[in-house]
Each structure stands twice: as C-alpha cells, then as structure tokens.
file data_11.cif (mmCIF, C-alpha atoms)
data_target
#
loop_
_atom_site.label_atom_id
_atom_site.label_comp_id
_atom_site.auth_asym_id
_atom_site.auth_seq_id
_atom_site.Cartn_x
_atom_site.Cartn_y
_atom_site.Cartn_z
CA MET Z 1 -8.75 -25.59 1.67
CA ARG Z 2 -12.19 -25.61 3.27
CA ASP Z 3 -12.45 -21.87 2.52
CA TYR Z 4 -12.17 -22.32 -1.26
CA PRO Z 5 -13.58 -20.43 -3.03
CA LEU Z 6 -13.55 -17.49 -0.67
CA GLY Z 7 -16.46 -15.72 -2.32
CA THR Z 8 -18.72 -18.71 -1.72
CA LYS Z 9 -17.37 -20.25 1.46
CA ARG Z 10 -16.11 -17.15 3.30
CA PRO Z 11 -17.74 -14.08 1.78
CA ASP Z 12 -17.16 -12.34 5.12
CA LEU Z 13 -13.45 -12.22 4.21
CA VAL Z 14 -14.02 -10.57 0.83
CA ARG Z 15 -14.23 -6.77 0.64
CA THR Z 16 -14.13 -4.28 -2.18
CA PRO Z 17 -11.30 -1.74 -2.48
CA SER Z 18 -13.60 0.77 -0.75
CA GLY Z 19 -14.34 -1.68 2.08
CA ARG Z 20 -17.81 -2.81 1.05
CA PRO Z 21 -18.78 -6.43 1.78
CA LEU Z 22 -19.17 -8.85 -1.13
CA ALA Z 23 -22.94 -9.03 -0.57
CA GLU Z 24 -23.27 -5.39 -1.66
CA LEU Z 25 -21.85 -6.09 -5.12
CA THR Z 26 -24.96 -6.41 -7.21
CA VAL Z 27 -25.95 -5.32 -10.68
CA ASP Z 28 -28.67 -3.15 -9.15
CA ALA Z 29 -26.11 -1.39 -6.91
CA LEU Z 30 -23.91 -0.77 -9.94
CA ARG Z 31 -26.86 0.58 -11.93
CA ASP Z 32 -28.04 2.92 -9.19
CA GLY Z 33 -24.53 4.22 -8.58
CA SER Z 34 -24.17 3.05 -4.98
CA ILE Z 35 -21.07 1.15 -6.08
CA THR Z 36 -18.62 1.93 -8.87
CA ALA Z 37 -16.75 -0.22 -11.34
CA GLY Z 38 -13.74 0.16 -9.03
CA ASP Z 39 -15.64 -1.73 -6.35
CA MET Z 40 -15.77 -4.74 -8.65
CA ARG Z 41 -12.00 -5.22 -8.43
CA ALA Z 42 -10.40 -7.81 -6.19
CA THR Z 43 -8.23 -6.41 -3.42
CA PRO Z 44 -4.65 -7.55 -2.89
CA GLU Z 45 -5.71 -8.97 0.48
CA THR Z 46 -8.43 -11.15 -1.08
CA ILE Z 47 -6.08 -12.38 -3.79
CA ARG Z 48 -3.40 -13.21 -1.19
CA ARG Z 49 -5.95 -15.16 0.83
CA GLN Z 50 -6.88 -17.11 -2.28
CA ALA Z 51 -3.15 -17.75 -2.86
CA ALA Z 52 -2.86 -19.14 0.67
CA VAL Z 53 -5.74 -21.51 -0.04
CA ALA Z 54 -4.06 -22.66 -3.26
CA ARG Z 55 -0.75 -23.18 -1.47
CA ALA Z 56 -2.47 -25.19 1.30
CA ALA Z 57 -4.01 -27.39 -1.41
CA GLY Z 58 -0.55 -28.05 -2.86
CA ARG Z 59 -1.21 -25.92 -5.94
CA VAL Z 60 2.06 -24.01 -5.71
CA PRO Z 61 2.17 -22.62 -9.28
CA LEU Z 62 -1.36 -21.26 -8.88
CA ALA Z 63 -0.44 -19.75 -5.50
CA GLU Z 64 2.61 -18.05 -7.04
CA ASN Z 65 0.50 -16.65 -9.89
CA LEU Z 66 -2.04 -15.31 -7.41
CA GLU Z 67 0.68 -13.73 -5.28
CA ARG Z 68 1.95 -11.88 -8.35
CA ALA Z 69 -1.64 -10.93 -9.22
CA ALA Z 70 -2.01 -9.39 -5.76
CA GLU Z 71 0.99 -7.18 -6.48
CA LEU Z 72 -0.30 -6.25 -9.92
CA SER Z 73 -3.79 -5.42 -8.67
CA LEU Z 74 -2.48 -2.09 -7.40
CA ILE Z 75 -0.85 -1.11 -10.70
CA ASP Z 76 -2.78 0.83 -13.34
CA ALA Z 77 -3.92 -1.00 -16.46
CA PRO Z 78 -1.79 0.93 -19.00
CA THR Z 79 1.39 0.06 -17.08
CA ILE Z 80 0.41 -3.60 -16.89
CA LEU Z 81 -0.29 -3.64 -20.63
CA ASP Z 82 3.10 -2.05 -21.33
CA ALA Z 83 4.82 -4.68 -19.19
CA TYR Z 84 2.85 -7.45 -20.89
CA THR Z 85 3.88 -6.13 -24.29
CA ALA Z 86 7.51 -5.98 -23.19
CA LEU Z 87 7.32 -9.65 -22.20
CA ARG Z 88 6.13 -10.81 -25.60
CA PRO Z 89 8.81 -12.74 -27.51
CA HIS Z 90 11.22 -10.58 -29.55
CA ARG Z 91 9.78 -7.33 -28.10
CA SER Z 92 12.51 -6.49 -25.57
CA THR Z 93 16.22 -6.75 -25.07
CA ALA Z 94 17.68 -8.22 -21.88
CA ALA Z 95 18.43 -4.69 -20.69
CA GLU Z 96 14.85 -3.56 -21.32
CA LEU Z 97 13.48 -6.49 -19.36
CA GLU Z 98 15.89 -5.72 -16.52
CA ALA Z 99 14.66 -2.13 -16.57
CA TRP Z 100 11.10 -3.43 -16.21
CA ALA Z 101 12.16 -5.69 -13.36
CA ALA Z 102 13.88 -2.81 -11.58
CA ARG Z 103 10.80 -0.60 -12.01
CA LEU Z 104 8.49 -3.35 -10.76
CA GLU Z 105 10.71 -4.00 -7.76
CA GLY Z 106 11.34 -0.38 -6.82
CA GLU Z 107 8.75 2.08 -8.03
CA LEU Z 108 5.80 -0.33 -8.28
CA ALA Z 109 6.46 -2.45 -5.14
CA ALA Z 110 6.07 -5.74 -7.02
CA PRO Z 111 9.15 -7.82 -6.13
CA LEU Z 112 7.61 -11.20 -6.99
CA THR Z 113 6.65 -9.94 -10.44
CA ALA Z 114 10.13 -8.42 -10.86
CA ALA Z 115 11.66 -11.83 -10.12
CA PHE Z 116 9.31 -13.37 -12.69
CA VAL Z 117 10.44 -10.86 -15.34
CA ARG Z 118 14.08 -11.64 -14.56
CA GLU Z 119 13.35 -15.35 -14.84
CA ALA Z 120 11.63 -14.73 -18.19
CA ALA Z 121 14.64 -12.77 -19.43
CA VAL Z 122 16.92 -15.74 -18.70
CA ALA Z 123 14.52 -18.14 -20.43
CA TYR Z 124 14.17 -15.80 -23.42
CA ALA Z 125 17.95 -15.52 -23.77
CA ARG Z 126 18.28 -19.29 -23.66
CA ARG Z 127 15.58 -19.74 -26.32
CA GLY Z 128 16.62 -16.85 -28.57
CA LEU Z 129 13.45 -14.83 -27.85
CA LEU Z 130 15.08 -11.53 -26.94
CA ARG Z 131 15.01 -8.59 -29.36
CA ARG Z 132 18.45 -7.95 -30.82
#
call {"tool": "encode", "arguments": {"input": "data_11.cif", "output": "structure tokens"}}
result
Amino acid sequence: MRDYPLGTKRPDLVRTPSGRPLAELTVDALRDGSITAGDMRATPETIRRQAAVARAAGRVPLAENLERAAELSLIDAPTILDAYTALRPHRSTAAELEAWAARLEGELAAPLTAAFVREAAVAYARRGLLRR
C-alpha cells in the first residue's frame, strides 16, 4: 500500500509501452515528437502492479477491475467498443455473449474478462436483459 499511487510513489516502476520511464512523458516531448500518443498508454504490467496494491489494501473489486483492465490494455479500441456495445442491456443474446467470452478467452488472451462476460450473461438472463 505504501507504493500507491505508483506514478507518484514509485515512478521507477512505471514504463511506457516502448520502455520509456514515466519522467519522459511530458507535453513538450509529445509536441516535439520524441514520444507518441502510444507512449501515453498504461502497460499491462503497470496496471497489474496497481491491482496488487489495491488487493493489498483490501480493495478487491478495484483489484479485479484493474486485472481485467490489464488484459484489455492490449486489445485494440474498436474491439473493446464492440464488446462494450454487446454488453449493453438488450443488445445481445446469451449465445452472442458466450461467443464474446470465447473470443476473449481464446483469441484475445483475456480470461478474466471472459469470465466477467459469462457472469454478466447469467445476470442478464436472470434480470431479463438479454436480447430475444
């Protein structure tokens, strides 16, 4: 917990996707082109470290959300938006949500997120939120 937040307390542990240290992420560096917008993204490793801090603090739901975020950080934005849309109430059938879960688990290497989608499908069925 003493390392929270990582960017302030342990910036030495935070790197960009290209390996640059956090200290190099400045507006000037972005303007002059020495870093790109892609360098502004959190890495899965950094997000997992933040999840470990949350778990150590007893903030289990936050830790679980961060662990899923670490998986999703490697997936392109259009795919994430499609999955998000599929999870909106009345947008998907149970079979469509299972197809998303299978894709997340297999092709996209996101088993925690796949489990979340399966859990959502059960909750949606129970509450009548699946598309017919």
call {"tool": "closest_residue", "arguments": {"input": "data_11.cif", "among": "Z:Ala102, Z:Ala54, Z:Ala86, Z:Leu81", "to": "Leu66 (chain Z)", "atoms": "only C-alpha atoms"}}
result
Z:Ala54
call {"tool": "residues_around", "arguments": {"input": "data_11.cif", "residues": "Asp39 (chain Z)", "least_positions_apart": "6", "cutoff": "10 Å", "atoms": "all atoms listed in the file", "output": "compact mmCIF listing (two decimals) with C-alpha atoms, in the frame of the given file"}}
result
# COMPACT_ATOMS: atom_id res chain seq x y z
CA ARG Z 15 -14.23 -6.77 0.64
CA THR Z 16 -14.13 -4.28 -2.18
CA PRO Z 17 -11.30 -1.74 -2.48
CA SER Z 18 -13.60 0.77 -0.75
CA GLY Z 19 -14.34 -1.68 2.08
CA ARG Z 20 -17.81 -2.81 1.05
CA PRO Z 21 -18.78 -6.43 1.78
CA LEU Z 22 -19.17 -8.85 -1.13
CA GLU Z 24 -23.27 -5.39 -1.66
CA LEU Z 25 -21.85 -6.09 -5.12
CA LEU Z 30 -23.91 -0.77 -9.94
call {"tool": "atom_distance", "arguments": {"input": "data_11.cif", "atom1": "CA of Ile47 (chain Z)", "atom2": "CA of Arg10 (chain Z)"}}
result
13.2 Å
call {"tool": "closest_residue", "arguments": {"input": "data_11.cif", "among": "Z:Leu87, Z:Met1, Z:Ala115, Z:Ala125", "to": "Ala101 (chain Z)", "atoms": "all atoms listed in the file"}}
result
Z:Ala115
call {"tool": "resolve_selection", "arguments": {"input": "data_11.cif", "expression": "the PyMOL selection byres ((chain Z and resi 46) around 10)", "output": "list in words"}}
result
Leu6, Gly7, Leu13, Val14, Arg15, Thr16, Pro17, Ala42, Thr43, Pro44, Glu45, Ile47, Arg48, Arg49, Gln50, Ala51, Ala52, Leu66 and Ala70 of chain Z
call {"tool": "atom_distance", "arguments": {"input": "data_11.cif", "atom1": "CA of Met40 (chain Z)", "atom2": "CA of Ser73 (chain Z)"}}
result
12.0 Å
call {"tool": "atom_distance", "arguments": {"input": "data_11.cif", "atom1": "CA of Glu98 (chain Z)", "atom2": "CA of Arg118 (chain Z)"}}
result
6.5 Å
call {"tool": "residues_around", "arguments": {"input": "data_11.cif", "residues": "Ala110 (chain Z)", "least_positions_apart": "6", "cutoff": "8 Å", "atoms": "all atoms listed in the file", "output": "PDB file with C-alpha atoms, in the frame of the given file"}}
result
ATOM      1  CA  ARG Z  68       1.950 -11.880  -8.350  1.00  0.00           C
ATOM      2  CA  GLU Z  71       0.990  -7.180  -6.480  1.00  0.00           C
ATOM      3  CA  LEU Z  72      -0.300  -6.250  -9.920  1.00  0.00           C
ATOM      4  CA  LEU Z 104       8.490  -3.350 -10.760  1.00  0.00           C
TER       5      LEU Z 104
END
call {"tool": "resolve_selection", "arguments": {"input": "data_11.cif", "expression": "the PyMOL selection byres ((chain Z and resi 100) around 12)", "output": "number ranges by chain"}}
result
Z: 79-80, 82-87, 92-99, 101-108, 110-111, 113-118, 120-121
call {"tool": "closest_residue", "arguments": {"input": "data_11.cif", "among": "Z:Ala57, Z:Leu112, Z:Pro89, Z:Val27", "to": "Leu130 (chain Z)", "atoms": "only C-alpha atoms"}}
result
Z:Pro89
call {"tool": "residues_around", "arguments": {"input": "data_11.cif", "residues": "Gly128 (chain Z)", "least_positions_apart": "4", "cutoff": "10 Å", "atoms": "only C-alpha atoms", "output": "mmCIF file with C-alpha atoms, in the coordinates of the input"}}
result
data_model
loop_
_atom_site.group_PDB
_atom_site.id
_atom_site.type_symbol
_atom_site.label_atom_id
_atom_site.label_comp_id
_atom_site.auth_asym_id
_atom_site.auth_seq_id
_atom_site.Cartn_x
_atom_site.Cartn_y
_atom_site.Cartn_z
ATOM 1 C CA PRO Z 89 8.810 -12.740 -27.510
ATOM 2 C CA HIS Z 90 11.220 -10.580 -29.550
ATOM 3 C CA VAL Z 122 16.920 -15.740 -18.700
ATOM 4 C CA ALA Z 123 14.520 -18.140 -20.430
ATOM 5 C CA TYR Z 124 14.170 -15.800 -23.420
ATOM 6 C CA ARG Z 132 18.450 -7.950 -30.820
#
call {"tool": "decode", "arguments": {"input": "data_11.cif", "residues": "region 71-84 of chain Z", "atoms": "N, CA and C atoms", "output": "PDB file, in the first residue's frame"}}
result
ATOM      1  N   GLU Z  71      -5.666  -6.864 -18.968  1.00  0.00           N
ATOM      2  CA  GLU Z  71      -5.921  -7.718 -20.142  1.00  0.00           C
ATOM      3  C   GLU Z  71      -6.377  -6.877 -21.328  1.00  0.00           C
ATOM      4  N   LEU Z  72      -7.304  -5.974 -21.074  1.00  0.00           N
ATOM      5  CA  LEU Z  72      -7.902  -5.185 -22.150  1.00  0.00           C
ATOM      6  C   LEU Z  72      -6.945  -4.155 -22.739  1.00  0.00           C
ATOM      7  N   SER Z  73      -5.904  -3.798 -22.003  1.00  0.00           N
ATOM      8  CA  SER Z  73      -4.982  -2.774 -22.492  1.00  0.00           C
ATOM      9  C   SER Z  73      -4.235  -3.205 -23.749  1.00  0.00           C
ATOM     10  N   LEU Z  74      -4.236  -4.491 -24.028  1.00  0.00           N
ATOM     11  CA  LEU Z  74      -3.555  -4.999 -25.224  1.00  0.00           C
ATOM     12  C   LEU Z  74      -4.498  -5.182 -26.415  1.00  0.00           C
ATOM     13  N   ILE Z  75      -5.770  -4.908 -26.208  1.00  0.00           N
ATOM     14  CA  ILE Z  75      -6.779  -5.112 -27.257  1.00  0.00           C
ATOM     15  C   ILE Z  75      -7.098  -3.769 -27.913  1.00  0.00           C
ATOM     16  N   ASP Z  76      -7.248  -3.785 -29.234  1.00  0.00           N
ATOM     17  CA  ASP Z  76      -7.495  -2.529 -29.942  1.00  0.00           C
ATOM     18  C   ASP Z  76      -8.850  -1.926 -29.560  1.00  0.00           C
ATOM     19  N   ALA Z  77      -8.920  -0.602 -29.654  1.00  0.00           N
ATOM     20  CA  ALA Z  77     -10.102   0.144 -29.237  1.00  0.00           C
ATOM     21  C   ALA Z  77     -11.390  -0.275 -29.951  1.00  0.00           C
ATOM     22  N   PRO Z  78     -11.392  -0.489 -31.271  1.00  0.00           N
ATOM     23  CA  PRO Z  78     -12.648  -0.893 -31.914  1.00  0.00           C
ATOM     24  C   PRO Z  78     -13.204  -2.209 -31.351  1.00  0.00           C
ATOM     25  N   THR Z  79     -12.334  -3.162 -31.044  1.00  0.00           N
ATOM     26  CA  THR Z  79     -12.795  -4.433 -30.484  1.00  0.00           C
ATOM     27  C   THR Z  79     -13.376  -4.219 -29.100  1.00  0.00           C
ATOM     28  N   ILE Z  80     -12.736  -3.395 -28.302  1.00  0.00           N
ATOM     29  CA  ILE Z  80     -13.259  -3.103 -26.955  1.00  0.00           C
ATOM     30  C   ILE Z  80     -14.613  -2.422 -27.057  1.00  0.00           C
ATOM     31  N   LEU Z  81     -14.761  -1.482 -27.978  1.00  0.00           N
ATOM     32  CA  LEU Z  81     -16.054  -0.815 -28.147  1.00  0.00           C
ATOM     33  C   LEU Z  81     -17.134  -1.785 -28.607  1.00  0.00           C
ATOM     34  N   ASP Z  82     -16.782  -2.718 -29.473  1.00  0.00           N
ATOM     35  CA  ASP Z  82     -17.755  -3.732 -29.904  1.00  0.00           C
ATOM     36  C   ASP Z  82     -18.178  -4.612 -28.730  1.00  0.00           C
ATOM     37  N   ALA Z  83     -17.230  -4.997 -27.901  1.00  0.00           N
ATOM     38  CA  ALA Z  83     -17.560  -5.817 -26.728  1.00  0.00           C
ATOM     39  C   ALA Z  83     -18.429  -5.028 -25.755  1.00  0.00           C
ATOM     40  N   TYR Z  84     -18.080  -3.778 -25.534  1.00  0.00           N
ATOM     41  CA  TYR Z  84     -18.866  -2.912 -24.661  1.00  0.00           C
ATOM     42  C   TYR Z  84     -20.302  -2.801 -25.165  1.00  0.00           C
TER      43      TYR Z  84
END
